[in-house]
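What's in model-v6.txt: compact mmCIF, C-alpha atoms
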```txt
# COMPACT_ATOMS: atom_id res chain seq x y z
CA MET E 30 -94.87 19.38 -123.12
CA ALA E 31 -95.25 17.20 -126.21
CA GLU E 32 -98.34 17.81 -128.27
CA VAL E 33 -101.55 15.88 -127.69
CA LYS E 34 -103.98 14.91 -130.43
CA LEU E 35 -107.27 13.06 -130.18
CA HIS E 36 -108.70 11.18 -133.14
CA GLY E 37 -112.40 10.75 -132.56
CA SER E 38 -115.90 10.70 -133.94
CA TRP E 39 -118.46 13.26 -132.67
CA PRO E 40 -121.30 10.84 -131.75
CA SER E 41 -119.11 8.33 -129.93
CA PRO E 42 -119.45 8.23 -126.11
CA PHE E 43 -116.05 6.47 -126.01
CA ASN E 44 -114.61 9.58 -127.60
CA HIS E 45 -116.40 11.85 -125.10
CA ARG E 46 -114.86 9.93 -122.18
CA VAL E 47 -111.40 10.94 -123.33
CA ILE E 48 -112.43 14.56 -123.93
CA TRP E 49 -113.84 14.90 -120.39
CA ALA E 50 -110.68 13.44 -118.86
CA LEU E 51 -108.39 15.71 -120.86
CA LYS E 52 -110.50 18.76 -119.93
CA LEU E 53 -110.58 17.78 -116.24
CA LYS E 54 -106.79 17.65 -116.29
CA GLY E 55 -106.50 20.93 -118.17
CA VAL E 56 -104.66 19.29 -121.06
CA GLU E 57 -104.54 21.21 -124.34
CA TYR E 58 -105.13 18.99 -127.35
CA GLU E 59 -105.95 19.06 -131.03
CA TYR E 60 -109.11 17.21 -132.03
CA ILE E 61 -109.29 15.39 -135.35
CA GLU E 62 -112.69 14.19 -136.54
CA GLU E 63 -112.44 10.81 -138.28
CA ASP E 64 -114.84 9.66 -140.98
CA LEU E 65 -115.54 6.10 -139.87
CA SER E 66 -117.04 5.13 -143.22
CA ASN E 67 -113.76 6.10 -144.86
CA LYS E 68 -111.00 5.56 -142.32
CA SER E 69 -107.89 7.67 -142.71
CA GLU E 70 -104.43 6.20 -143.33
CA LEU E 71 -103.36 7.81 -140.08
CA LEU E 72 -106.08 6.07 -138.04
CA LEU E 73 -105.22 2.70 -139.57
CA LYS E 74 -101.55 3.33 -138.78
CA TYR E 75 -102.30 4.40 -135.19
CA ASN E 76 -104.75 1.59 -134.41
CA PRO E 77 -103.94 -1.32 -136.72
CA VAL E 78 -105.41 -3.90 -134.34
CA PHE E 79 -108.96 -2.55 -133.98
CA LYS E 80 -109.01 0.35 -136.50
CA LYS E 81 -111.29 2.29 -134.12
CA ILE E 82 -111.53 5.63 -132.41
CA PRO E 83 -110.74 7.10 -129.97
CA VAL E 84 -106.98 7.16 -130.36
CA LEU E 85 -104.89 9.52 -128.26
CA VAL E 86 -101.56 10.52 -129.79
CA HIS E 87 -99.04 12.03 -127.37
CA GLY E 88 -95.76 13.22 -128.80
CA GLY E 89 -96.46 11.12 -131.90
CA LYS E 90 -97.10 7.92 -129.91
CA PRO E 91 -100.60 6.43 -130.21
CA ILE E 92 -102.74 4.87 -127.49
CA ALA E 93 -105.98 3.05 -128.34
CA GLU E 94 -108.98 1.77 -126.31
CA SER E 95 -110.77 4.43 -124.29
CA LEU E 96 -110.29 2.83 -120.87
CA VAL E 97 -106.57 2.33 -121.52
CA ILE E 98 -106.39 5.98 -122.62
CA LEU E 99 -108.13 7.09 -119.40
CA GLU E 100 -105.56 5.28 -117.23
CA TYR E 101 -102.77 6.81 -119.34
CA ILE E 102 -104.19 10.31 -118.90
CA GLU E 103 -104.50 9.71 -115.14
CA GLU E 104 -100.85 8.66 -114.86
CA THR E 105 -99.37 11.24 -117.20
CA TRP E 106 -101.20 14.26 -115.73
CA PRO E 107 -101.52 13.49 -112.01
CA GLU E 108 -103.11 16.81 -110.98
CA ASN E 109 -106.80 16.54 -110.14
CA PRO E 110 -106.63 12.76 -109.54
CA LEU E 111 -109.41 10.67 -111.09
CA LEU E 112 -108.65 7.40 -109.29
CA PRO E 113 -108.23 6.74 -105.55
CA LYS E 114 -104.66 6.63 -104.19
CA ASP E 115 -105.24 3.63 -101.94
CA PRO E 116 -104.58 0.35 -103.85
CA TYR E 117 -107.73 -1.35 -102.51
CA GLU E 118 -109.96 1.60 -103.41
CA ARG E 119 -108.31 1.74 -106.84
CA ALA E 120 -109.03 -1.96 -107.33
CA MET E 121 -112.67 -1.32 -106.43
CA ALA E 122 -112.87 1.60 -108.87
CA ARG E 123 -111.37 -0.58 -111.63
CA PHE E 124 -113.80 -3.38 -110.68
CA TRP E 125 -116.82 -1.14 -111.29
CA ILE E 126 -115.37 0.19 -114.55
CA GLN E 127 -114.83 -3.42 -115.68
CA TYR E 128 -118.39 -4.34 -114.61
CA GLY E 129 -119.71 -1.99 -117.29
CA VAL E 130 -117.50 -3.69 -119.88
CA THR E 131 -118.44 -7.26 -118.93
CA LYS E 132 -122.14 -6.67 -118.36
CA GLY E 133 -122.83 -3.93 -120.89
CA ALA E 134 -123.69 -6.20 -123.86
CA PRO E 135 -127.48 -5.59 -123.60
CA ILE E 136 -126.84 -1.96 -124.56
CA GLY E 137 -125.64 -3.18 -127.95
CA VAL E 138 -128.95 -4.96 -128.39
CA PHE E 139 -130.77 -1.62 -128.03
CA TYR E 140 -129.01 -0.50 -131.17
CA ARG E 141 -130.48 -3.11 -133.42
CA ALA E 142 -133.36 -5.04 -131.89
CA SER E 143 -137.04 -4.58 -131.21
CA GLY E 144 -139.95 -6.48 -129.72
CA GLU E 145 -139.20 -9.43 -127.45
CA GLU E 146 -135.44 -9.31 -127.90
CA LEU E 147 -135.36 -5.66 -126.93
CA GLU E 148 -137.56 -6.28 -123.87
CA LYS E 149 -135.25 -9.06 -122.78
CA ALA E 150 -132.19 -6.80 -123.13
CA ALA E 151 -134.00 -4.04 -121.20
CA LYS E 152 -134.73 -6.46 -118.35
CA GLU E 153 -131.08 -7.61 -118.22
CA LEU E 154 -129.91 -4.03 -118.27
CA ARG E 155 -132.26 -3.05 -115.41
CA GLU E 156 -130.89 -5.92 -113.30
CA MET E 157 -127.31 -5.05 -114.11
CA LEU E 158 -127.86 -1.37 -113.32
CA LYS E 159 -129.62 -2.23 -110.05
CA ILE E 160 -126.48 -3.98 -108.82
CA LEU E 161 -124.36 -1.04 -110.00
CA GLU E 162 -126.63 1.38 -108.15
CA GLU E 163 -126.79 -0.60 -104.91
CA GLN E 164 -123.25 -1.91 -104.63
CA GLY E 165 -121.22 0.47 -106.77
CA LEU E 166 -122.79 3.87 -106.25
CA GLY E 167 -124.53 3.38 -102.89
CA ASP E 168 -125.38 6.71 -101.24
CA LYS E 169 -122.69 8.70 -102.99
CA LYS E 170 -123.48 11.58 -105.30
CA PHE E 171 -120.89 10.36 -107.79
CA PHE E 172 -118.86 7.14 -107.96
CA GLY E 173 -115.91 9.43 -107.17
CA GLY E 174 -117.67 10.91 -104.11
CA ASP E 175 -118.28 14.65 -104.29
CA SER E 176 -116.68 14.97 -107.69
CA ILE E 177 -116.53 12.72 -110.75
CA ASN E 178 -113.75 10.21 -111.35
CA LEU E 179 -112.88 7.60 -113.97
CA VAL E 180 -115.76 5.37 -112.87
CA ASP E 181 -118.30 8.15 -113.48
CA ILE E 182 -116.62 8.91 -116.80
CA SER E 183 -116.80 5.24 -117.85
CA TYR E 184 -120.59 5.19 -117.23
CA GLY E 185 -121.13 8.66 -118.66
CA ALA E 186 -122.98 7.44 -121.78
CA LEU E 187 -125.86 6.36 -119.53
CA ALA E 188 -126.47 9.96 -118.56
CA TYR E 189 -127.06 11.42 -122.02
CA TRP E 190 -126.51 9.14 -125.00
CA PHE E 191 -128.61 6.35 -123.57
CA ALA E 192 -131.63 8.67 -123.30
CA ALA E 193 -131.50 9.01 -127.09
CA MET E 194 -131.39 5.20 -127.33
CA GLU E 195 -134.43 4.92 -125.09
CA GLU E 196 -136.37 7.42 -127.16
CA ALA E 197 -135.32 5.88 -130.50
CA SER E 198 -136.19 2.35 -129.40
CA GLY E 199 -139.29 3.25 -127.39
CA VAL E 200 -138.13 1.34 -124.31
CA LYS E 201 -137.19 3.05 -121.05
CA VAL E 202 -134.69 1.60 -118.59
CA LEU E 203 -133.20 4.42 -116.50
CA GLU E 204 -136.27 5.59 -114.57
CA PRO E 205 -136.59 7.27 -111.17
CA SER E 206 -139.11 4.66 -109.99
CA THR E 207 -136.82 1.66 -110.59
CA LEU E 208 -133.28 3.12 -110.44
CA PRO E 209 -133.66 6.24 -108.30
CA ARG E 210 -130.04 6.75 -107.30
CA LEU E 211 -128.61 6.11 -110.74
CA TYR E 212 -131.27 8.39 -112.20
CA SER E 213 -130.13 11.18 -109.83
CA TRP E 214 -126.52 10.38 -110.61
CA ALA E 215 -127.25 10.87 -114.32
CA LYS E 216 -128.92 14.23 -113.70
CA ASN E 217 -125.95 15.40 -111.60
CA PHE E 218 -123.39 14.04 -114.06
CA ILE E 219 -124.82 16.03 -116.99
CA GLU E 220 -124.55 19.24 -114.97
CA VAL E 221 -120.81 18.90 -114.38
CA PRO E 222 -119.44 21.74 -116.56
CA VAL E 223 -116.79 19.67 -118.33
CA VAL E 224 -119.48 17.16 -119.32
CA LYS E 225 -122.24 19.66 -120.11
CA GLU E 226 -119.97 21.58 -122.47
CA ASN E 227 -118.64 18.45 -124.19
CA ILE E 228 -121.56 16.35 -125.29
CA PRO E 229 -123.46 16.66 -128.57
CA ASP E 230 -126.82 18.38 -128.85
CA TYR E 231 -129.57 15.94 -127.82
CA ASP E 232 -131.48 16.35 -131.10
CA LYS E 233 -128.36 15.62 -133.12
CA MET E 234 -127.73 12.48 -131.04
CA LEU E 235 -131.34 11.33 -131.39
CA ALA E 236 -131.23 11.74 -135.17
CA TYR E 237 -127.93 9.84 -135.34
CA VAL E 238 -129.05 6.99 -133.07
CA SER E 239 -132.39 6.64 -134.91
CA ALA E 240 -130.64 6.48 -138.29
CA THR E 241 -128.11 3.92 -137.01
CA ARG E 242 -130.90 1.75 -135.53
CA LYS E 243 -132.75 1.75 -138.84
CA LYS E 244 -129.59 0.82 -140.74
CA LEU E 245 -128.60 -1.97 -138.32
CA ALA E 246 -132.14 -3.35 -138.12
CA LYS E 247 -132.20 -3.71 -141.89
CA ASN E 248 -128.97 -5.73 -141.90
CA TYR E 249 -129.62 -7.67 -138.75
CA ARG E 250 -130.37 -11.35 -138.83
CA PRO E 251 -130.90 -12.98 -135.42
CA MET N 21 -95.31 -7.47 -95.48
CA ALA N 22 -95.39 -9.16 -92.08
CA GLY N 23 -98.77 -10.07 -90.67
CA ASP N 24 -100.53 -10.12 -94.07
CA GLN N 25 -103.30 -12.63 -94.48
CA VAL N 26 -103.62 -13.58 -98.14
CA THR N 27 -106.02 -16.18 -99.50
CA LEU N 28 -106.69 -17.03 -103.14
CA LEU N 29 -110.08 -18.49 -104.04
CA ASP N 30 -109.39 -20.35 -107.27
CA PHE N 31 -110.15 -23.31 -109.52
CA TRP N 32 -107.27 -25.50 -110.62
CA ALA N 33 -107.88 -25.31 -114.39
CA SER N 34 -108.71 -21.63 -114.63
CA PRO N 35 -106.27 -19.59 -116.72
CA PHE N 36 -107.54 -16.52 -114.87
CA GLY N 37 -106.61 -18.08 -111.54
CA MET N 38 -103.21 -19.04 -112.94
CA ARG N 39 -102.56 -15.37 -113.72
CA VAL N 40 -102.91 -14.50 -110.05
CA ARG N 41 -100.78 -17.46 -108.95
CA ILE N 42 -97.93 -16.29 -111.20
CA ALA N 43 -98.18 -12.71 -109.91
CA LEU N 44 -98.09 -13.83 -106.27
CA ALA N 45 -95.13 -16.13 -107.00
CA GLU N 46 -93.22 -13.35 -108.78
CA LYS N 47 -93.65 -11.17 -105.71
CA GLY N 48 -92.81 -13.96 -103.27
CA VAL N 49 -96.11 -13.51 -101.42
CA LYS N 50 -97.10 -16.28 -99.02
CA TYR N 51 -100.75 -17.19 -99.41
CA GLU N 52 -103.35 -19.83 -98.73
CA TYR N 53 -104.74 -21.51 -101.86
CA SER N 54 -108.41 -22.38 -101.55
CA GLU N 55 -109.78 -24.67 -104.29
CA GLN N 56 -113.41 -23.86 -105.10
CA ASP N 57 -116.12 -26.18 -106.40
CA LEU N 58 -117.72 -24.15 -109.17
CA ARG N 59 -120.75 -26.41 -109.47
CA ASN N 60 -121.50 -25.96 -105.78
CA LYS N 61 -120.27 -22.53 -104.84
CA SER N 62 -119.20 -22.00 -101.27
CA ALA N 63 -120.73 -19.43 -98.96
CA LEU N 64 -117.27 -17.83 -98.80
CA LEU N 65 -117.06 -17.36 -102.57
CA LEU N 66 -120.57 -15.92 -102.74
CA GLN N 67 -119.74 -13.56 -99.91
CA MET N 68 -116.42 -12.46 -101.39
CA ASN N 69 -117.69 -12.05 -104.97
CA PRO N 70 -121.43 -11.40 -104.74
CA VAL N 71 -121.55 -9.55 -108.06
CA HIS N 72 -120.02 -12.18 -110.38
CA LYS N 73 -119.78 -15.25 -108.11
CA LYS N 74 -116.57 -16.21 -109.91
CA ILE N 75 -112.97 -17.07 -109.21
CA PRO N 76 -110.27 -15.91 -108.87
CA VAL N 77 -110.79 -13.78 -105.77
CA LEU N 78 -107.83 -12.51 -103.77
CA VAL N 79 -108.70 -11.94 -100.13
CA HIS N 80 -106.15 -9.63 -98.51
CA ASN N 81 -106.59 -9.09 -94.78
CA GLY N 82 -110.27 -9.95 -95.15
CA LYS N 83 -110.94 -7.65 -98.11
CA PRO N 84 -111.77 -9.25 -101.47
CA VAL N 85 -110.37 -8.15 -104.84
CA CYS N 86 -112.07 -9.65 -107.92
CA GLU N 87 -111.32 -9.90 -111.66
CA SER N 88 -107.93 -11.42 -112.51
CA LEU N 89 -106.25 -8.47 -114.22
CA ILE N 90 -107.48 -6.10 -111.53
CA ILE N 91 -106.05 -8.48 -108.93
CA VAL N 92 -102.68 -8.57 -110.76
CA GLN N 93 -102.54 -4.76 -110.80
CA TYR N 94 -103.46 -4.68 -107.11
CA ILE N 95 -100.69 -7.17 -106.30
CA ASP N 96 -98.23 -5.04 -108.28
CA GLU N 97 -99.24 -1.90 -106.37
CA VAL N 98 -99.27 -3.42 -102.88
CA TRP N 99 -96.09 -5.50 -103.13
CA LYS N 100 -94.26 -2.84 -105.07
CA ASP N 101 -90.73 -3.37 -103.79
CA LYS N 102 -90.07 -6.49 -105.81
CA ALA N 103 -90.45 -7.70 -109.41
CA PRO N 104 -92.49 -4.89 -110.99
CA LEU N 105 -95.12 -6.38 -113.28
CA LEU N 106 -96.06 -3.20 -115.13
CA PRO N 107 -93.45 -0.89 -116.69
CA SER N 108 -92.74 2.41 -114.95
CA ASP N 109 -93.12 4.53 -118.09
CA PRO N 110 -96.79 5.58 -118.63
CA TYR N 111 -96.69 4.94 -122.39
CA GLN N 112 -95.27 1.44 -121.91
CA ARG N 113 -97.86 0.82 -119.21
CA ALA N 114 -100.60 1.83 -121.65
CA GLN N 115 -99.22 -0.60 -124.24
CA SER N 116 -99.17 -3.38 -121.63
CA ARG N 117 -102.77 -2.62 -120.67
CA PHE N 118 -103.82 -2.58 -124.32
CA TRP N 119 -102.34 -6.03 -125.03
CA ALA N 120 -103.59 -7.60 -121.81
CA ASP N 121 -107.04 -6.24 -122.68
CA PHE N 122 -106.62 -7.72 -126.18
CA VAL N 123 -105.95 -11.14 -124.65
CA ASP N 124 -109.10 -10.78 -122.54
CA LYS N 125 -111.27 -9.56 -125.40
CA LYS N 126 -110.12 -12.11 -127.94
CA ILE N 127 -108.23 -15.15 -126.70
CA TYR N 128 -110.70 -16.44 -124.13
CA ASP N 129 -113.87 -16.06 -126.23
CA LEU N 130 -112.33 -17.45 -129.40
CA SER N 131 -110.74 -20.38 -127.62
CA ARG N 132 -114.04 -21.15 -125.93
CA LYS N 133 -115.65 -21.32 -129.36
CA ILE N 134 -113.05 -23.89 -130.41
CA TRP N 135 -114.06 -26.41 -127.79
CA THR N 136 -117.78 -25.68 -127.81
CA THR N 137 -118.61 -25.58 -131.54
CA LYS N 138 -118.43 -27.78 -134.62
CA GLY N 139 -118.28 -27.57 -138.39
CA GLU N 140 -118.21 -24.10 -139.95
CA ASP N 141 -118.34 -22.29 -136.60
CA LEU N 142 -115.32 -24.27 -135.41
CA GLU N 143 -113.35 -23.52 -138.59
CA ALA N 144 -114.12 -19.82 -138.30
CA ALA N 145 -113.12 -19.79 -134.62
CA LYS N 146 -109.82 -21.55 -135.38
CA LYS N 147 -108.98 -19.03 -138.07
CA ASP N 148 -109.80 -16.04 -135.84
CA PHE N 149 -107.86 -17.61 -132.97
CA ILE N 150 -104.73 -18.10 -135.07
CA ASP N 151 -105.04 -14.55 -136.46
CA CYS N 152 -105.07 -13.20 -132.90
CA LEU N 153 -102.10 -15.35 -131.90
CA LYS N 154 -100.20 -14.03 -134.92
CA LEU N 155 -100.91 -10.46 -133.80
CA LEU N 156 -99.53 -11.32 -130.38
CA GLU N 157 -96.52 -12.99 -131.96
CA GLY N 158 -95.91 -9.79 -133.93
CA GLU N 159 -96.13 -7.69 -130.79
CA LEU N 160 -93.66 -9.99 -129.00
CA GLY N 161 -91.17 -9.54 -131.82
CA ASP N 162 -87.62 -10.43 -130.78
CA LYS N 163 -88.14 -9.76 -127.10
CA PRO N 164 -87.72 -12.73 -124.75
CA TYR N 165 -90.99 -11.78 -123.01
CA PHE N 166 -93.75 -9.26 -123.65
CA GLY N 167 -92.40 -7.50 -120.57
CA GLY N 168 -88.93 -7.25 -122.14
CA GLU N 169 -86.11 -8.96 -120.26
CA THR N 170 -88.41 -10.14 -117.48
CA ILE N 171 -91.99 -11.35 -117.45
CA GLY N 172 -94.65 -8.74 -116.93
CA TYR N 173 -98.33 -7.95 -117.10
CA VAL N 174 -98.98 -9.15 -120.66
CA ASP N 175 -97.02 -12.39 -120.13
CA ILE N 176 -99.07 -13.06 -117.01
CA ALA N 177 -102.30 -12.29 -118.89
CA PHE N 178 -101.49 -14.61 -121.80
CA VAL N 179 -99.27 -17.52 -120.85
CA PRO N 180 -101.83 -19.49 -118.76
CA PHE N 181 -103.84 -20.10 -121.95
CA TYR N 182 -100.85 -22.10 -123.24
CA VAL N 183 -101.78 -25.08 -121.06
CA TRP N 184 -105.19 -25.10 -122.73
CA PHE N 185 -103.66 -25.24 -126.25
CA HIS N 186 -103.28 -29.04 -126.17
CA ALA N 187 -107.04 -29.30 -125.51
CA TYR N 188 -107.97 -26.81 -128.26
CA GLU N 189 -105.59 -28.47 -130.74
CA THR N 190 -106.90 -31.96 -130.05
CA VAL N 191 -110.60 -31.15 -130.30
CA GLY N 192 -110.06 -28.65 -133.10
CA ASN N 193 -107.57 -30.76 -135.04
CA PHE N 194 -104.86 -28.16 -135.59
CA LYS N 195 -101.46 -27.21 -134.22
CA VAL N 196 -100.63 -23.74 -132.95
CA GLU N 197 -96.90 -24.38 -133.42
CA ALA N 198 -97.37 -24.86 -137.17
CA GLU N 199 -98.76 -21.34 -137.44
CA CYS N 200 -97.01 -19.52 -134.59
CA PRO N 201 -93.70 -21.24 -133.82
CA LYS N 202 -92.18 -18.15 -132.14
CA LEU N 203 -95.12 -17.87 -129.79
CA ILE N 204 -94.81 -21.52 -128.74
CA ALA N 205 -91.06 -21.07 -128.20
CA TYR N 206 -91.92 -18.06 -126.04
CA CYS N 207 -94.43 -20.08 -123.98
CA LYS N 208 -91.85 -22.80 -123.35
CA ARG N 209 -89.37 -20.11 -122.30
CA CYS N 210 -91.90 -18.80 -119.77
CA LEU N 211 -92.36 -22.29 -118.36
CA GLN N 212 -88.68 -22.35 -117.46
CA LYS N 213 -89.41 -19.74 -114.84
CA GLU N 214 -90.41 -21.25 -111.52
CA SER N 215 -93.16 -18.69 -110.87
CA VAL N 216 -94.82 -19.83 -114.10
CA SER N 217 -94.18 -23.59 -114.00
CA LYS N 218 -95.46 -23.85 -110.43
CA SER N 219 -98.61 -21.89 -111.26
CA LEU N 220 -99.64 -23.59 -114.49
CA GLN N 221 -101.43 -26.91 -114.81
CA ASP N 222 -100.54 -30.04 -116.75
CA PRO N 223 -101.99 -29.73 -120.29
CA GLN N 224 -103.06 -33.39 -120.24
CA LYS N 225 -105.16 -32.83 -117.12
CA VAL N 226 -106.69 -29.74 -118.76
CA TYR N 227 -107.50 -31.81 -121.86
CA ASP N 228 -109.23 -34.50 -119.76
CA PHE N 229 -111.22 -31.73 -118.06
CA VAL N 230 -112.30 -30.27 -121.43
CA VAL N 231 -113.36 -33.74 -122.63
CA MET N 232 -115.55 -34.04 -119.54
CA LEU N 233 -117.01 -30.56 -120.07
CA ARG N 234 -117.83 -31.35 -123.70
CA LYS N 235 -119.66 -34.50 -122.61
CA ASN N 236 -121.62 -32.51 -120.05
CA PHE N 237 -122.54 -29.87 -122.62
CA GLY N 238 -123.46 -32.53 -125.17
CA ILE N 239 -120.80 -31.54 -127.69
CA GLU N 240 -119.22 -34.42 -129.59
```
Would it be possible to restate this file's structure as structure tokens?
Amino acid sequence: MAEVKLHGSWPSPFNHRVIWALKLKGVEYEYIEEDLSNKSELLLKYNPVFKKIPVLVHGGKPIAESLVILEYIEETWPENPLLPKDPYERAMARFWIQYGVTKGAPIGVFYRASGEELEKAAKELREMLKILEEQGLGDKKFFGGDSINLVDISYGALAYWFAAMEEASGVKVLEPSTLPRLYSWAKNFIEVPVVKENIPDYDKMLAYVSATRKKLAKNYRP
Amino acid sequence: MAGDQVTLLDFWASPFGMRVRIALAEKGVKYEYSEQDLRNKSALLLQMNPVHKKIPVLVHNGKPVCESLIIVQYIDEVWKDKAPLLPSDPYQRAQSRFWADFVDKKIYDLSRKIWTTKGEDLEAAKKDFIDCLKLLEGELGDKPYFGGETIGYVDIAFVPFYVWFHAYETVGNFKVEAECPKLIAYCKRCLQKESVSKSLQDPQKVYDFVVMLRKNFGIE
């Protein structure tokens, strides 16, 4: 089996998505931490279009964009499937993954805004998550049913990283009173061993998110 | 497959709808085309796409599939015995997904900025748009299509935007062909395929539509 390398950055939830998928499939890989303030020649060669992490390199061939990487992992290592087999169910899974991409912009606002703008983003996020909870998750424990799949992985950041955002910004969104099923989902998701063992320490994340918010707020002009 | 009921909820000018039309044509799937009024959305559309309330929606035996690229993948998986749209090799599939995603991330938003902004914003949008087209042109290289010898997923994702180029060029006062001649040659090559020419709209009609939209939005 050709060697697998992952170029990533420790705080990035996009990076963690790939790590969980590789671990769930039992794939051995070498992890390379990238300094995003001083991008390596190799990263720029592997992802010339976006110059971002994560990049998965399999047998010397690079794949960029975390969701593209997830589908690649699913197809290359079919054991322990992370997407439904039925084409309609697969389309639904992809729909909910895409929903997070299309409607996730308010999360970016949490990174840099405060006051009214932040409240507005929080409201939009609550509405978006309500739909996800009611129509995407429903009564299931995980989006994948009894065990996690690519949909759960794509929303994983909500379960741990977002808590640091909430604390750093002082605005709460994922609460048991307003989003009870998603709140439970998050609690269950964090306990999945592959996730629990592969996310940064909360305090480290909080420090990182707080520092990034301060830096972005300084440079931000509405 | 015999006995399949396939309906496409669509809007004539939508490049996203055109993607689905090309995919269905490539596979030879018989379907009912249902034109939707986007200013007065039908009960059917709201029922079939309650989350986004948008077209295109493919309704297959009563079950709706939404989001154009997801629909194209679904079509490829269901009608898998003819005209594969994605490559069979996982690495090539990943590359196809990456570039189709690039078209979605970049081409639509940038092109929208071209017909909705003016002055400095317009100039910046034009520059970014051409830069993205050049990247695509580079990825195409010497291949007849992004899919290689036959059209595939990335071609389907991108080529519908070609019929909007005349509108962007006229309101933005520039010519794509001057900057990306190989890409325009590629688009014309695609149009020679029946599945594409029958699915795409007349650029002049699209331009008239954009003029009307600009009036409605108060952009001069």
- Task: Write out as a PyMOL selection string which residues come within 6 Å of stretch 219-223 of chain E when counting only C-alpha atoms, dropping same-chain ones fewer than 3 positions away.
- Result: chain E and resi 49+216+226
- Neighbour list for stretch 218-227 of chain N as a count of residues only, cut-off 10 Å, only C-alpha atoms, skip fewer than 4 positions in-chain: 33
- Query: Got a sec to pull out which chain N residues are within 7 Å of chain E, counting all atoms listed in the file, and send them as a list of chain:residue names?
  - Reply: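 Within 7 Å of chain E on chain N, we get N:Val85, N:Ile90, N:Tyr94, N:Glu97, N:Val98, N:Pro110, N:Ala114, N:Arg117, N:Phe118.
Closest approach to E:Phe171 from the set E:Glu108, E:Val86, E:Glu70, E:Tyr212 is made by E:Tyr212, with distances taken over all atoms listed in the file.
If you count only C-alpha atoms and draw a sphere of 12 Å around (-102.6, -17.3, -137.2), the protein and nucleic acid residues inside it come out as Ala144, Ala145, Lys146, Lys147, Asp148, Phe149, Ile150, Asp151, Cys152, Leu153, Lys154, Leu155, Leu156, Glu157, Gly158, Phe194, Lys195, Val196, Glu197, Ala198, Glu199, Cys200, Pro201, Lys202 and Leu203 of chain N.
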Residues of stretch 119-152 of chain E at most 12 Å from stretch 238-245 of chain E: nearest atom pair and distance in Å, all atoms listed in the file, as a Markdown table:
```
| residue | atom | partner | partner_atom | distance |
| --- | --- | --- | --- | --- |
| E:Gly137 | CA | E:Arg242 | CA | 10.5 |
| E:Val138 | CA | E:Arg242 | CA | 10.0 |
| E:Phe139 | CA | E:Arg242 | CA | 8.2 |
| E:Tyr140 | CA | E:Arg242 | CA | 5.3 |
| E:Arg141 | CA | E:Arg242 | CA | 5.3 |
| E:Ala142 | CA | E:Arg242 | CA | 8.1 |
| E:Ser143 | CA | E:Arg242 | CA | 9.8 |
```
Need the neighbours of (-133.6, 8.2, -125.3): which residues are at most 10 Å away, counting all atoms listed in the file, as a tab-separated table (two decimals) with C-alpha atoms, keeping the file's coordinate frame?
```tsv
chain	number	residue	atom	x	y	z
E	187	LEU	CA	-125.86	6.36	-119.53
E	188	ALA	CA	-126.47	9.96	-118.56
E	189	TYR	CA	-127.06	11.42	-122.02
E	190	TRP	CA	-126.51	9.14	-125.00
E	191	PHE	CA	-128.61	6.35	-123.57
E	192	ALA	CA	-131.63	8.67	-123.30
E	193	ALA	CA	-131.50	9.01	-127.09
E	194	MET	CA	-131.39	5.20	-127.33
E	195	GLU	CA	-134.43	4.92	-125.09
E	196	GLU	CA	-136.37	7.42	-127.16
E	197	ALA	CA	-135.32	5.88	-130.50
E	198	SER	CA	-136.19	2.35	-129.40
E	199	GLY	CA	-139.29	3.25	-127.39
E	200	VAL	CA	-138.13	1.34	-124.31
E	201	LYS	CA	-137.19	3.05	-121.05
E	202	VAL	CA	-134.69	1.60	-118.59
E	203	LEU	CA	-133.20	4.42	-116.50
E	231	TYR	CA	-129.57	15.94	-127.82
E	234	MET	CA	-127.73	12.48	-131.04
E	235	LEU	CA	-131.34	11.33	-131.39
E	238	VAL	CA	-129.05	6.99	-133.07
E	239	SER	CA	-132.39	6.64	-134.91
```
- What lies within 12 Å of E:Leu166 using only C-alpha atoms, ignoring chain neighbours under 3 positions off, as a list in words? Met121, Ala122, Trp125, Ile126, Leu158, Lys159, Ile160, Leu161, Glu162, Glu163, Lys169, Lys170, Phe171, Phe172, Gly173, Gly174, Asp175, Ile177, Val180, Asp181, Tyr184, Leu208, Pro209, Arg210, Leu211, Tyr212, Ser213, Trp214 and Ala215 of chain E
- Close residues, E:Lys68 itself excluded, 10 Å, all atoms listed in the file, min 6 positions apart in chain, as a PyMOL selection string: chain E and resi 80-82
Near N:Pro164, counting only C-alpha atoms, which residues have an atom at most 8 Å away, once you skip same-chain residues fewer than 6 positions from it, shown as a compact mmCIF listing (two decimals) with C-alpha atoms, in the coordinates of the input?
```
# COMPACT_ATOMS: atom_id res chain seq x y z
CA THR N 170 -88.41 -10.14 -117.48
CA TYR N 206 -91.92 -18.06 -126.04
CA ARG N 209 -89.37 -20.11 -122.30
```
- What separation in Å, quoted to one decimal, exists between atom CA of N:His80 and atom CA of N:Val216?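 Answer for the atom CA of N:His80 to atom CA of N:Val216 separation: 21.8 Å.
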- Message: Can you measure atom CA of N:Glu55 to atom CA of N:Asn81 for me? One decimal in Å is fine.
- Response: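 Between these atoms lies a distance of 18.5 Å.
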- Message: To one decimal place in Å, what is the distance between atom CA of E:Pro205 and atom CA of N:Asn69?
- Response: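 Distance between the two atoms: 27.7 Å.
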